[in-house]
$ cat my_file36.cif   # mmCIF, C-alpha atoms
data_structure
loop_
_atom_site.label_atom_id
_atom_site.label_comp_id
_atom_site.auth_asym_id
_atom_site.auth_seq_id
_atom_site.Cartn_x
_atom_site.Cartn_y
_atom_site.Cartn_z
CA MET A 1184 106.61 89.67 82.10
CA ALA A 1185 105.80 86.13 83.22
CA ASP A 1186 104.66 85.69 86.80
CA ILE A 1187 106.65 82.70 88.09
CA ARG A 1188 105.88 81.53 91.57
CA THR A 1189 106.90 78.43 93.51
CA THR A 1190 105.60 77.19 96.79
CA GLU A 1191 107.57 74.99 99.14
CA TYR A 1192 106.19 73.50 102.31
CA LEU A 1193 108.49 74.09 105.27
CA PRO A 1194 107.05 72.75 108.54
CA ASP A 1195 107.72 74.42 111.87
CA SER A 1196 110.40 71.85 112.70
CA VAL A 1197 112.19 69.06 110.84
CA SER A 1198 114.14 66.32 112.54
CA PRO A 1199 117.49 65.27 111.09
CA PRO A 1200 117.35 62.23 108.81
CA GLY A 1201 119.70 60.49 111.23
CA GLU A 1202 116.79 60.26 113.67
CA THR A 1203 114.79 58.30 111.10
CA LEU A 1204 117.82 56.09 110.53
CA ARG A 1205 118.15 55.36 114.28
CA GLU A 1206 114.47 54.43 114.51
CA LEU A 1207 114.82 52.12 111.51
CA LEU A 1208 117.86 50.39 113.00
CA GLU A 1209 116.08 49.91 116.33
CA ASP A 1210 113.04 48.39 114.58
CA ARG A 1211 115.28 45.96 112.75
CA ALA A 1212 117.60 45.29 115.70
CA ILE A 1213 120.63 46.43 113.70
CA SER A 1214 123.43 48.19 115.53
CA GLN A 1215 125.28 51.15 114.10
CA ALA A 1216 128.43 49.06 114.09
CA GLU A 1217 126.71 46.38 111.98
CA LEU A 1218 125.37 49.01 109.59
CA ALA A 1219 128.86 50.44 109.22
CA SER A 1220 130.20 46.99 108.44
CA ARG A 1221 127.47 46.27 105.88
CA MET A 1222 128.10 49.62 104.18
CA GLY A 1223 131.88 49.44 104.38
CA ARG A 1224 131.96 52.81 106.13
CA PRO A 1225 133.76 53.89 109.34
CA ARG A 1226 131.64 53.50 112.44
CA LYS A 1227 132.32 57.16 113.29
CA THR A 1228 130.72 58.23 110.01
CA ILE A 1229 127.54 56.28 110.75
CA SER A 1230 127.46 57.67 114.29
CA GLU A 1231 127.71 61.25 113.00
CA ILE A 1232 124.94 60.63 110.45
CA ALA A 1233 122.71 59.09 113.12
CA SER A 1234 123.27 62.07 115.44
CA GLY A 1235 122.65 64.62 112.69
CA LYS A 1236 126.21 65.94 112.71
CA ALA A 1237 126.98 64.65 109.21
CA ALA A 1238 124.82 64.91 106.10
CA ILE A 1239 123.56 61.99 104.04
CA THR A 1240 125.24 62.42 100.68
CA PRO A 1241 123.73 61.01 97.46
CA GLU A 1242 126.37 58.24 97.60
CA THR A 1243 125.44 57.38 101.18
CA ALA A 1244 121.74 57.42 100.25
CA MET A 1245 122.36 54.82 97.55
CA GLN A 1246 124.30 52.64 100.00
CA LEU A 1247 121.51 52.92 102.60
CA ALA A 1248 119.02 51.88 99.93
CA LEU A 1249 120.98 48.67 99.27
CA VAL A 1250 121.39 47.82 102.95
CA THR A 1251 117.97 48.86 104.32
CA GLY A 1252 115.74 48.54 101.28
CA VAL A 1253 114.53 52.14 101.79
CA PRO A 1254 114.87 54.02 98.45
CA ALA A 1255 117.68 56.51 98.00
CA ASP A 1256 115.11 59.15 97.00
CA PHE A 1257 113.63 58.96 100.49
CA TRP A 1258 116.98 59.62 102.20
CA ASN A 1259 117.86 62.38 99.75
CA ALA A 1260 114.48 64.07 100.28
CA ARG A 1261 114.82 63.88 104.08
CA GLU A 1262 118.29 65.39 103.88
CA ARG A 1263 117.11 68.22 101.59
CA ALA A 1264 114.16 68.99 103.84
CA TYR A 1265 116.36 69.09 106.93
CA ARG A 1266 119.02 71.27 105.34
CA ALA A 1267 116.34 73.61 103.97
CA TYR A 1268 114.88 73.84 107.48
CA LEU A 1269 118.27 74.72 108.97
CA ALA A 1270 118.80 77.30 106.24
CA SER A 1271 115.39 78.82 106.98
CA LEU A 1272 116.28 79.14 110.65
CA GLU A 1273 119.54 80.84 109.79
CA GLU A 1274 117.81 83.17 107.34
CA ALA A 1275 115.19 84.07 109.95
CA ARG A 1276 117.96 85.04 112.39
CA ARG A 1277 119.68 87.08 109.72
CA LEU A 1278 116.48 88.85 108.68
CA GLU A 1279 115.61 89.62 112.29
CA ASP A 1280 118.93 91.46 112.52
CA GLU A 1281 117.96 93.50 109.43
CA TYR A 1282 114.74 94.83 110.99
CA ALA A 1283 116.24 98.04 112.42
CA PHE A 1284 117.43 99.12 108.97
CA CYS A 1285 114.13 98.07 107.38
CA ARG A 1286 112.28 100.62 109.51
CA LYS A 1287 114.03 103.45 107.67
CA PHE A 1288 111.63 102.94 104.74
CA PRO A 1289 108.05 104.35 104.64
CA LEU A 1290 106.60 100.93 105.42
CA ARG A 1291 103.06 102.04 106.18
CA ALA A 1292 102.73 103.98 102.93
CA MET A 1293 104.26 101.11 100.97
CA LYS A 1294 101.72 98.71 102.49
CA GLU A 1295 98.79 101.05 101.90
CA SER A 1296 99.85 101.41 98.26
CA GLY A 1297 100.05 97.65 97.87
CA TRP A 1298 103.76 97.70 97.12
CA ILE A 1299 104.52 95.22 99.90
CA PRO A 1300 102.16 92.79 101.66
CA ASP A 1301 100.87 93.29 105.18
CA ALA A 1302 103.46 91.10 106.91
CA LYS A 1303 102.65 89.06 110.03
CA GLY A 1304 106.00 89.57 111.73
CA ARG A 1305 109.40 91.22 111.51
CA VAL A 1306 111.05 88.49 109.47
CA GLU A 1307 108.26 88.41 106.92
CA LEU A 1308 108.29 92.21 106.71
CA VAL A 1309 112.04 92.38 106.12
CA ARG A 1310 111.79 89.64 103.52
CA SER A 1311 109.05 91.50 101.63
CA VAL A 1312 111.04 94.76 101.57
CA LEU A 1313 114.20 93.02 100.37
CA SER A 1314 112.14 91.26 97.71
CA PHE A 1315 110.66 94.61 96.66
CA PHE A 1316 114.15 95.99 96.06
CA GLY A 1317 115.48 92.73 94.62
CA VAL A 1318 118.42 92.40 97.02
CA VAL A 1319 119.44 89.81 99.61
CA SER A 1320 120.39 92.22 102.40
CA PHE A 1321 120.35 95.90 103.25
CA SER A 1322 124.13 96.00 103.04
CA GLN A 1323 123.70 95.04 99.37
CA TRP A 1324 120.89 97.58 99.08
CA SER A 1325 123.23 100.28 100.37
CA GLU A 1326 125.85 99.34 97.81
CA VAL A 1327 123.37 99.36 94.92
CA TYR A 1328 121.71 102.58 96.09
CA ALA A 1329 125.04 104.32 96.57
CA GLN A 1330 125.85 103.61 92.93
CA SER A 1331 122.50 105.06 91.84
CA GLN A 1332 122.78 108.07 94.12
CA ALA A 1333 126.11 108.97 92.56
CA ALA A 1334 124.30 109.36 89.24
CA PHE A 1335 121.50 111.61 90.59
CA ARG A 1336 121.14 115.18 89.42
CA MET A 1337 118.86 117.08 91.81
CA SER A 1338 118.01 120.67 92.72
CA GLN A 1339 119.99 122.15 95.61
CA ALA A 1340 116.61 122.76 97.26
CA PHE A 1341 115.79 119.10 96.88
CA ALA A 1342 115.88 117.50 100.32
CA PRO A 1343 114.19 114.10 100.05
CA ASP A 1344 114.25 111.27 102.50
CA GLU A 1345 116.65 108.96 100.69
CA TYR A 1346 114.81 105.79 101.71
CA SER A 1347 111.43 107.11 100.62
CA LEU A 1348 112.88 108.33 97.33
CA ALA A 1349 114.62 105.00 96.74
CA ALA A 1350 111.33 103.14 97.25
CA TRP A 1351 109.52 105.48 94.86
CA MET A 1352 112.22 105.08 92.23
CA ARG A 1353 112.20 101.30 92.63
CA ARG A 1354 108.44 101.19 92.14
CA GLY A 1355 108.91 102.99 88.86
CA ILE A 1356 111.32 100.31 87.67
CA LEU A 1357 108.92 97.54 88.68
CA GLU A 1358 105.95 99.14 86.94
CA SER A 1359 107.97 99.81 83.80
CA MET A 1360 108.63 96.07 83.45
CA ALA A 1361 105.02 95.64 82.34
CA ILE A 1362 105.52 98.06 79.43
CA ASP A 1363 106.73 96.57 76.17
CA THR A 1364 108.95 99.16 74.50
CA LYS A 1365 110.62 99.23 71.12
CA PRO A 1366 114.35 100.03 70.93
CA PHE A 1367 114.88 103.73 71.56
CA ASP A 1368 114.68 105.90 68.44
CA HIS A 1369 115.73 109.51 68.97
CA GLU A 1370 114.03 110.83 65.84
CA LYS A 1371 110.82 108.91 66.50
CA PHE A 1372 110.67 110.10 70.10
CA SER A 1373 111.08 113.70 68.93
CA GLU A 1374 108.16 113.25 66.53
CA THR A 1375 106.13 111.47 69.21
CA LEU A 1376 106.44 114.47 71.52
CA LYS A 1377 104.79 116.68 68.92
CA ALA A 1378 101.77 114.41 68.90
CA VAL A 1379 101.80 114.05 72.69
CA ARG A 1380 101.64 117.82 73.09
CA ALA A 1381 98.02 117.77 71.88
CA LEU A 1382 97.14 115.37 74.72
CA THR A 1383 97.52 118.21 77.23
CA CYS A 1384 93.90 119.12 76.46
CA GLU A 1385 92.63 115.62 77.28
CA PRO A 1386 91.52 114.18 80.64
CA PRO A 1387 93.78 111.61 82.38
CA ALA A 1388 91.62 108.65 81.37
CA THR A 1389 92.33 109.58 77.76
CA PHE A 1390 95.88 110.91 77.81
CA MET A 1391 97.52 108.38 80.16
CA PRO A 1392 97.16 105.25 77.97
CA LYS A 1393 97.86 107.21 74.79
CA LEU A 1394 100.96 108.76 76.33
CA ARG A 1395 102.26 105.36 77.47
CA ASP A 1396 101.65 103.68 74.12
CA ALA A 1397 103.10 106.47 72.01
CA CYS A 1398 106.27 106.77 74.06
CA ALA A 1399 106.72 102.99 74.31
CA ALA A 1400 106.74 102.78 70.53
CA ALA A 1401 109.74 105.15 70.56
CA GLY A 1402 111.64 103.29 73.30
CA VAL A 1403 110.51 105.24 76.38
CA ALA A 1404 108.49 103.71 79.22
CA VAL A 1405 106.26 106.23 81.04
CA VAL A 1406 104.93 105.33 84.48
CA PHE A 1407 102.77 107.23 86.96
CA VAL A 1408 103.70 106.42 90.57
CA PRO A 1409 102.07 108.20 93.54
CA GLU A 1410 104.48 110.17 95.69
CA LEU A 1411 105.57 108.63 98.97
CA PRO A 1412 105.84 110.73 102.16
CA ARG A 1413 109.03 112.82 102.04
CA SER A 1414 110.10 111.49 98.65
CA ARG A 1415 109.47 115.00 97.26
CA ALA A 1416 109.83 113.94 93.64
CA SER A 1417 107.64 115.26 90.84
CA GLY A 1418 109.47 113.36 88.13
CA ALA A 1419 112.53 111.31 87.29
CA THR A 1420 114.39 110.19 84.19
CA ARG A 1421 116.85 107.37 83.77
CA TRP A 1422 118.04 104.86 81.23
CA VAL A 1423 117.31 101.29 82.31
CA SER A 1424 119.24 99.94 79.32
CA PRO A 1425 121.00 101.47 76.29
CA GLU A 1426 117.79 100.95 74.28
CA ARG A 1427 115.18 101.83 76.90
CA ALA A 1428 114.54 105.04 78.83
CA LEU A 1429 112.14 105.58 81.71
CA ILE A 1430 110.12 108.66 82.64
CA GLN A 1431 108.46 108.50 86.07
CA LEU A 1432 105.80 111.01 87.17
CA SER A 1433 104.16 111.46 90.57
CA LEU A 1434 101.50 114.25 90.34
CA ARG A 1435 103.35 115.92 93.21
CA TYR A 1436 101.84 119.34 92.45
CA LYS A 1437 98.47 117.96 91.29
CA THR A 1438 97.79 120.44 88.48
CA ASN A 1439 98.07 119.93 84.74
CA ASP A 1440 100.61 122.70 84.20
CA HIS A 1441 103.08 121.06 86.60
CA LEU A 1442 102.45 117.55 85.30
CA TRP A 1443 102.96 118.42 81.65
CA PHE A 1444 105.93 120.69 82.25
CA THR A 1445 107.54 117.90 84.27
CA PHE A 1446 106.89 115.35 81.52
CA PHE A 1447 108.42 117.49 78.78
CA HIS A 1448 111.28 118.46 81.10
CA GLU A 1449 112.06 114.76 81.58
CA ALA A 1450 111.69 114.17 77.86
CA ALA A 1451 114.28 116.88 77.27
CA HIS A 1452 116.78 115.02 79.44
CA ILE A 1453 116.31 111.98 77.21
CA LEU A 1454 116.82 113.96 74.02
CA LEU A 1455 119.63 116.24 75.17
CA HIS A 1456 121.68 114.43 77.80
CA GLY A 1457 123.67 111.25 78.31
CA LYS A 1458 122.48 107.84 79.36
CA LYS A 1459 124.51 107.49 82.56
CA LEU A 1460 122.84 110.17 84.69
CA ILE A 1461 119.61 109.92 86.71
CA PHE A 1462 117.58 113.12 86.88
CA VAL A 1463 115.16 113.68 89.78
CA GLU A 1464 112.98 116.78 89.89
CA SER A 1465 111.16 118.46 92.76
CA THR A 1466 111.05 122.16 91.88
CA LYS A 1467 111.60 124.25 88.78
CA THR A 1468 114.81 125.65 90.26
CA ALA A 1469 117.68 124.89 87.90
CA ASP A 1470 121.08 124.38 89.47
CA SER A 1471 122.96 122.74 86.64
CA VAL A 1472 123.49 123.18 82.94
CA GLU A 1473 121.41 120.08 82.25
CA GLU A 1474 118.48 121.32 84.33
CA GLU A 1475 118.55 124.75 82.71
CA GLN A 1476 118.63 123.18 79.26
CA ALA A 1477 115.71 120.89 80.10
CA ASN A 1478 113.70 123.78 81.56
CA ARG A 1479 114.25 125.94 78.49
CA TRP A 1480 113.52 123.13 76.07
CA ALA A 1481 110.24 122.21 77.83
CA SER A 1482 109.10 125.83 78.07
CA ASP A 1483 109.80 126.55 74.40
CA PHE A 1484 108.33 123.25 73.22
CA LEU A 1485 105.05 123.81 75.04
CA ILE A 1486 104.76 127.52 74.16
CA PRO A 1487 106.81 128.77 71.18
CA PRO A 1488 108.90 131.76 72.35
CA ALA A 1489 107.95 134.20 69.62
CA THR A 1490 104.25 133.45 69.94
CA TYR A 1491 104.42 133.74 73.72
CA LEU A 1492 106.23 137.08 73.57
CA GLU A 1493 103.67 138.43 71.14
CA PHE A 1494 100.83 137.32 73.40
CA CYS A 1495 102.40 138.96 76.45
CA MET A 1496 102.86 142.23 74.57
CA THR A 1497 99.42 142.50 73.01
CA GLU A 1498 97.01 140.76 75.35
CA LEU A 1499 95.91 141.40 78.88
CA PRO A 1500 96.22 138.17 80.87
CA SER A 1501 92.46 137.70 81.28
CA ALA A 1502 90.84 134.28 81.47
CA GLN A 1503 89.29 134.70 78.04
CA ALA A 1504 92.59 135.85 76.51
CA VAL A 1505 94.41 132.86 77.99
CA ARG A 1506 91.78 130.42 76.70
CA SER A 1507 91.94 131.93 73.22
CA PHE A 1508 95.73 131.90 73.12
CA ALA A 1509 95.94 128.33 74.43
CA LYS A 1510 93.47 127.17 71.79
CA SER A 1511 95.44 128.88 69.03
CA ILE A 1512 98.61 126.96 69.91
CA GLY A 1513 96.86 123.69 70.81
CA ILE A 1514 97.60 123.28 74.51
CA ALA A 1515 95.62 123.36 77.75
CA PRO A 1516 94.94 126.86 79.20
CA GLY A 1517 96.35 125.77 82.56
CA ILE A 1518 99.79 125.39 81.01
CA VAL A 1519 99.70 128.98 79.80
CA VAL A 1520 98.66 130.12 83.27
CA GLY A 1521 101.55 128.20 84.83
CA ARG A 1522 104.00 129.87 82.45
CA LEU A 1523 102.59 133.35 83.16
CA GLN A 1524 102.81 132.75 86.90
CA HIS A 1525 106.35 131.39 86.65
CA ASP A 1526 107.45 134.43 84.66
CA GLY A 1527 105.81 136.81 87.13
CA ARG A 1528 103.34 138.17 84.58
CA VAL A 1529 100.38 137.26 86.80
CA PRO A 1530 100.29 136.53 90.54
CA HIS A 1531 100.24 132.89 91.63
CA SER A 1532 96.80 133.54 93.10
CA HIS A 1533 95.28 134.51 89.72
CA LEU A 1534 93.67 132.42 86.95
CA ASN A 1535 94.07 129.15 88.83
CA ASP A 1536 90.54 128.14 87.87
CA LEU A 1537 91.91 127.55 84.36
CA LYS A 1538 94.16 124.79 85.66
CA GLU A 1539 92.98 121.19 85.78
CA ARG A 1540 93.54 119.48 89.11
CA TYR A 1541 94.40 115.78 89.21
CA GLN A 1542 94.14 113.28 92.02
CA TRP A 1543 94.91 109.61 92.31
CA ALA A 1544 92.03 107.19 91.97
CA PRO A 1545 93.22 104.42 94.36
CA ALA A 1546 90.85 101.76 93.08
CA GLU A 1547 92.15 102.11 89.54
CA GLY A 1548 95.71 103.09 90.43
CA SER A 1549 95.51 105.97 87.98
CA ALA A 1550 94.95 109.71 87.95
CA SER A 1551 91.61 111.45 87.52
CA ASP A 1552 90.35 115.04 87.28
#

$ encode --input "my_file36.cif" --output "structure tokens"
Amino acid sequence: MADIRTTEYLPDSVSPPGETLRELLEDRAISQAELASRMGRPRKTISEIASGKAAITPETAMQLALVTGVPADFWNARERAYRAYLASLEEARRLEDEYAFCRKFPLRAMKESGWIPDAKGRVELVRSVLSFFGVVSFSQWSEVYAQSQAAFRMSQAFAPDEYSLAAWMRRGILESMAIDTKPFDHEKFSETLKAVRALTCEPPATFMPKLRDACAAAGVAVVFVPELPRSRASGATRWVSPERALIQLSLRYKTNDHLWFTFFHEAAHILLHGKKLIFVESTKTADSVEEEQANRWASDFLIPPATYLEFCMTELPSAQAVRSFAKSIGIAPGIVVGRLQHDGRVPHSHLNDLKERYQWAPAEGSASD
């Protein structure tokens, strides 16, 4: 996406163009009454322009150019600068009033993550947060967020801070803009997931770019966004357009079994469910038909049911047995451990050394072992 930036110089104060007009008339010993006569305008109009109560219109600027010899562009530019200055003052007052609402967001974490700049004052801070969300006011933010919230499907145990979650979700949208995706293809995405499954054995430096590229070719943008305080989201799925889906992952639980289960769970939502809902995950607790379907699909896709049942019946859940079984079906051993723990076949305190732990590498903005 093109990075388009404009810079406009707005000084601390700008005098009304009428002040310049008064100075010019004094220098030339021309009264306002005489100027009005020369321009064929009411004296009251000239008085209001000179006092800054009335604006210099393009028509007036052309008349002033004829009478004073000062180009119309000069008068138009002075008027624009003055009106822009007044607008900036009004905006500053409005943004100052928005500060109390702005504080609801996890501002420190957003700054530390580089999502918003380190603002010098309240007005600049409010402006940066509004710009981050792409809205002109927090009343508009509330309206937009309310629409999104109505589409959420979350666990009953899911108790996020709505402002933190909203910021995390917004960051996912912003990062997805840098990913060039093809129009969504259901069949191609299904085939892509089969190839992606083998990436569970790879380190983040290898699987992250391959995962992004493979899914993008099927119409799905995949982004990794660090969790914000109290956002409590491990993953999210939504359709950003009819031809483009988004999967957002956070590494909330920091182990490969959780990350990959979450990814395939989100992928299941894309394959199985409609395009109007937004799914946000925090735990593996299913409280809706859609969540149960996604859980079952992800579990069976990662570990085929018949093969898993046979393994549980014939093998003791030792580290060596898990490694051998995982290798035979082409997935990471940690995923098998996570499944065994979830099903209560081994305690949650056992075999955790077979899981890969991930952490964010701040300098690179990516995950590492």

$ closest_residue --input "my_file36.cif" --among "A:Phe1257, A:Tyr1265, A:Trp1324, A:Trp1480" --to "Ala1238 of chain A" --atoms "all atoms listed in the file"
A:Tyr1265

$ residues_around --input "my_file36.cif" --residues "Arg1266 of chain A" --least-positions-apart "2" --cutoff "12 Å" --atoms "only C-alpha atoms" --output "short mmCIF file (atom, residue, chain, number, x, y, z; two decimals) with C-alpha atoms, in the coordinates of the input"
data_model
loop_
_atom_site.label_atom_id
_atom_site.label_comp_id
_atom_site.auth_asym_id
_atom_site.auth_seq_id
_atom_site.Cartn_x
_atom_site.Cartn_y
_atom_site.Cartn_z
CA LEU A 1193 108.49 74.09 105.27
CA SER A 1196 110.40 71.85 112.70
CA VAL A 1197 112.19 69.06 110.84
CA SER A 1198 114.14 66.32 112.54
CA PRO A 1199 117.49 65.27 111.09
CA PRO A 1200 117.35 62.23 108.81
CA GLY A 1235 122.65 64.62 112.69
CA LYS A 1236 126.21 65.94 112.71
CA ALA A 1237 126.98 64.65 109.21
CA ALA A 1238 124.82 64.91 106.10
CA ILE A 1239 123.56 61.99 104.04
CA THR A 1240 125.24 62.42 100.68
CA ASN A 1259 117.86 62.38 99.75
CA ALA A 1260 114.48 64.07 100.28
CA ARG A 1261 114.82 63.88 104.08
CA GLU A 1262 118.29 65.39 103.88
CA ARG A 1263 117.11 68.22 101.59
CA ALA A 1264 114.16 68.99 103.84
CA TYR A 1268 114.88 73.84 107.48
CA LEU A 1269 118.27 74.72 108.97
CA ALA A 1270 118.80 77.30 106.24
CA SER A 1271 115.39 78.82 106.98
CA LEU A 1272 116.28 79.14 110.65
CA GLU A 1273 119.54 80.84 109.79
#

$ closest_residue --input "my_file36.cif" --among "A:Val1505, A:Ile1514, A:Met1352, A:Ile1362" --to "Asp1536 of chain A" --atoms "only C-alpha atoms"
A:Val1505

$ closest_residue --input "my_file36.cif" --among "A:Cys1384, A:Ser1320, A:Phe1407, A:Ser1433" --to "Val1519 of chain A" --atoms "all atoms listed in the file"
A:Cys1384

$ closest_residue --input "my_file36.cif" --among "A:Glu1374, A:Asp1363, A:Glu1202, A:Asp1440" --to "Asn1535 of chain A" --atoms "only C-alpha atoms"
A:Asp1440

$ closest_residue --input "my_file36.cif" --among "A:Ser1501, A:Ser1331, A:Ser1424, A:Ser1471" --to "Pro1366 of chain A" --atoms "all atoms listed in the file"
A:Ser1424

$ residues_around --input "my_file36.cif" --residues "Pro1500 of chain A" --least-positions-apart "3" --cutoff "9 Å" --atoms "all atoms listed in the file" --output "ChimeraX atom specification"
/A:1494-1495,1503-1505,1520,1523,1528-1529,1534

$ atom_distance --input "my_file36.cif" --atom1 "atom CA of Pro1425 of chain A" --atom2 "atom CA of Gln1323 of chain A"
24.1 Å

$ residues_around --input "my_file36.cif" --residues "Ala1216 of chain A" --least-positions-apart "5" --cutoff "9 Å" --atoms "all atoms listed in the file" --output "CSV table (one decimal) with C-alpha atoms, in the coordinates of the input"
chain,number,residue,atom,x,y,z
A,1221,ARG,CA,127.5,46.3,105.9
A,1225,PRO,CA,133.8,53.9,109.3
A,1226,ARG,CA,131.6,53.5,112.4
A,1229,ILE,CA,127.5,56.3,110.8
A,1230,SER,CA,127.5,57.7,114.3

$ resolve_selection --input "my_file36.cif" --expression "the PyMOL selection byres ((chain A and resi 1360) around 12)" --output "PDB file with C-alpha atoms, in the coordinates of the input"
ATOM      1  CA  MET A1184     106.610  89.670  82.100  1.00  0.00           C
ATOM      2  CA  ALA A1185     105.800  86.130  83.220  1.00  0.00           C
ATOM      3  CA  ASP A1186     104.660  85.690  86.800  1.00  0.00           C
ATOM      4  CA  ARG A1353     112.200 101.300  92.630  1.00  0.00           C
ATOM      5  CA  ARG A1354     108.440 101.190  92.140  1.00  0.00           C
ATOM      6  CA  GLY A1355     108.910 102.990  88.860  1.00  0.00           C
ATOM      7  CA  ILE A1356     111.320 100.310  87.670  1.00  0.00           C
ATOM      8  CA  LEU A1357     108.920  97.540  88.680  1.00  0.00           C
ATOM      9  CA  GLU A1358     105.950  99.140  86.940  1.00  0.00           C
ATOM     10  CA  SER A1359     107.970  99.810  83.800  1.00  0.00           C
ATOM     11  CA  ALA A1361     105.020  95.640  82.340  1.00  0.00           C
ATOM     12  CA  ILE A1362     105.520  98.060  79.430  1.00  0.00           C
ATOM     13  CA  ASP A1363     106.730  96.570  76.170  1.00  0.00           C
ATOM     14  CA  THR A1364     108.950  99.160  74.500  1.00  0.00           C
ATOM     15  CA  ALA A1399     106.720 102.990  74.310  1.00  0.00           C
ATOM     16  CA  VAL A1403     110.510 105.240  76.380  1.00  0.00           C
ATOM     17  CA  ALA A1404     108.490 103.710  79.220  1.00  0.00           C
ATOM     18  CA  VAL A1405     106.260 106.230  81.040  1.00  0.00           C
ATOM     19  CA  VAL A1406     104.930 105.330  84.480  1.00  0.00           C
ATOM     20  CA  VAL A1423     117.310 101.290  82.310  1.00  0.00           C
ATOM     21  CA  ARG A1427     115.180 101.830  76.900  1.00  0.00           C
ATOM     22  CA  ALA A1428     114.540 105.040  78.830  1.00  0.00           C
ATOM     23  CA  LEU A1429     112.140 105.580  81.710  1.00  0.00           C
TER      24      LEU A1429
END

$ atom_distance --input "my_file36.cif" --atom1 "atom CA of Arg1435 of chain A" --atom2 "atom CA of Glu1410 of chain A"
6.4 Å

$ residues_near_point --input "my_file36.cif" --point "(96.5, 108.9, 91.4)" --cutoff "12 Å" --atoms "only C-alpha atoms" --output "mmCIF file with C-alpha atoms, keeping the file's coordinate frame"
data_model
loop_
_atom_site.group_PDB
_atom_site.id
_atom_site.type_symbol
_atom_site.label_atom_id
_atom_site.label_comp_id
_atom_site.auth_asym_id
_atom_site.auth_seq_id
_atom_site.Cartn_x
_atom_site.Cartn_y
_atom_site.Cartn_z
ATOM 1 C CA SER A 1296 99.850 101.410 98.260
ATOM 2 C CA PRO A 1387 93.780 111.610 82.380
ATOM 3 C CA ALA A 1388 91.620 108.650 81.370
ATOM 4 C CA MET A 1391 97.520 108.380 80.160
ATOM 5 C CA VAL A 1406 104.930 105.330 84.480
ATOM 6 C CA PHE A 1407 102.770 107.230 86.960
ATOM 7 C CA VAL A 1408 103.700 106.420 90.570
ATOM 8 C CA PRO A 1409 102.070 108.200 93.540
ATOM 9 C CA GLU A 1410 104.480 110.170 95.690
ATOM 10 C CA LEU A 1411 105.570 108.630 98.970
ATOM 11 C CA LEU A 1432 105.800 111.010 87.170
ATOM 12 C CA SER A 1433 104.160 111.460 90.570
ATOM 13 C CA LEU A 1434 101.500 114.250 90.340
ATOM 14 C CA ARG A 1435 103.350 115.920 93.210
ATOM 15 C CA TYR A 1436 101.840 119.340 92.450
ATOM 16 C CA LYS A 1437 98.470 117.960 91.290
ATOM 17 C CA THR A 1438 97.790 120.440 88.480
ATOM 18 C CA ARG A 1540 93.540 119.480 89.110
ATOM 19 C CA TYR A 1541 94.400 115.780 89.210
ATOM 20 C CA GLN A 1542 94.140 113.280 92.020
ATOM 21 C CA TRP A 1543 94.910 109.610 92.310
ATOM 22 C CA ALA A 1544 92.030 107.190 91.970
ATOM 23 C CA PRO A 1545 93.220 104.420 94.360
ATOM 24 C CA ALA A 1546 90.850 101.760 93.080
ATOM 25 C CA GLU A 1547 92.150 102.110 89.540
ATOM 26 C CA GLY A 1548 95.710 103.090 90.430
ATOM 27 C CA SER A 1549 95.510 105.970 87.980
ATOM 28 C CA ALA A 1550 94.950 109.710 87.950
ATOM 29 C CA SER A 1551 91.610 111.450 87.520
ATOM 30 C CA ASP A 1552 90.350 115.040 87.280
#

$ atom_distance --input "my_file36.cif" --atom1 "atom CA of Ala1477 of chain A" --atom2 "atom CA of Tyr1346 of chain A"
26.4 Å

$ resolve_selection --input "my_file36.cif" --expression "the PyMOL selection byres ((chain A and resi 1518) around 9)" --output "ChimeraX atom specification"
/A:1383,1439-1441,1443-1444,1485-1486,1509,1514-1517,1519-1523,1537-1538

$ resolve_selection --input "my_file36.cif" --expression "the PyMOL selection byres ((chain A and resi 1452) around 10)" --output "list in words"
Ala1419, Thr1420, Arg1421, Ile1430, Phe1447, His1448, Glu1449, Ala1450, Ala1451, Ile1453, Leu1454, Leu1455, His1456, Gly1457, Lys1458, Leu1460, Ile1461, Phe1462, Glu1473, Glu1474, Gln1476, Ala1477, Asn1478, Trp1480 and Ala1481 of chain A

$ write_last_selection --input "my_file36.cif" --atoms "C-alpha atoms" --output "short mmCIF file (atom, residue, chain, number, x, y, z; two decimals), in the coordinates of the input"
data_model
loop_
_atom_site.label_atom_id
_atom_site.label_comp_id
_atom_site.auth_asym_id
_atom_site.auth_seq_id
_atom_site.Cartn_x
_atom_site.Cartn_y
_atom_site.Cartn_z
CA ALA A 1419 112.53 111.31 87.29
CA THR A 1420 114.39 110.19 84.19
CA ARG A 1421 116.85 107.37 83.77
CA ILE A 1430 110.12 108.66 82.64
CA PHE A 1447 108.42 117.49 78.78
CA HIS A 1448 111.28 118.46 81.10
CA GLU A 1449 112.06 114.76 81.58
CA ALA A 1450 111.69 114.17 77.86
CA ALA A 1451 114.28 116.88 77.27
CA ILE A 1453 116.31 111.98 77.21
CA LEU A 1454 116.82 113.96 74.02
CA LEU A 1455 119.63 116.24 75.17
CA HIS A 1456 121.68 114.43 77.80
CA GLY A 1457 123.67 111.25 78.31
CA LYS A 1458 122.48 107.84 79.36
CA LEU A 1460 122.84 110.17 84.69
CA ILE A 1461 119.61 109.92 86.71
CA PHE A 1462 117.58 113.12 86.88
CA GLU A 1473 121.41 120.08 82.25
CA GLU A 1474 118.48 121.32 84.33
CA GLN A 1476 118.63 123.18 79.26
CA ALA A 1477 115.71 120.89 80.10
CA ASN A 1478 113.70 123.78 81.56
CA TRP A 1480 113.52 123.13 76.07
CA ALA A 1481 110.24 122.21 77.83
#

$ closest_residue --input "my_file36.cif" --among "A:His1533, A:Lys1393, A:Arg1305, A:His1525" --to "Ser1482 of chain A" --atoms "only C-alpha atoms"
A:His1525
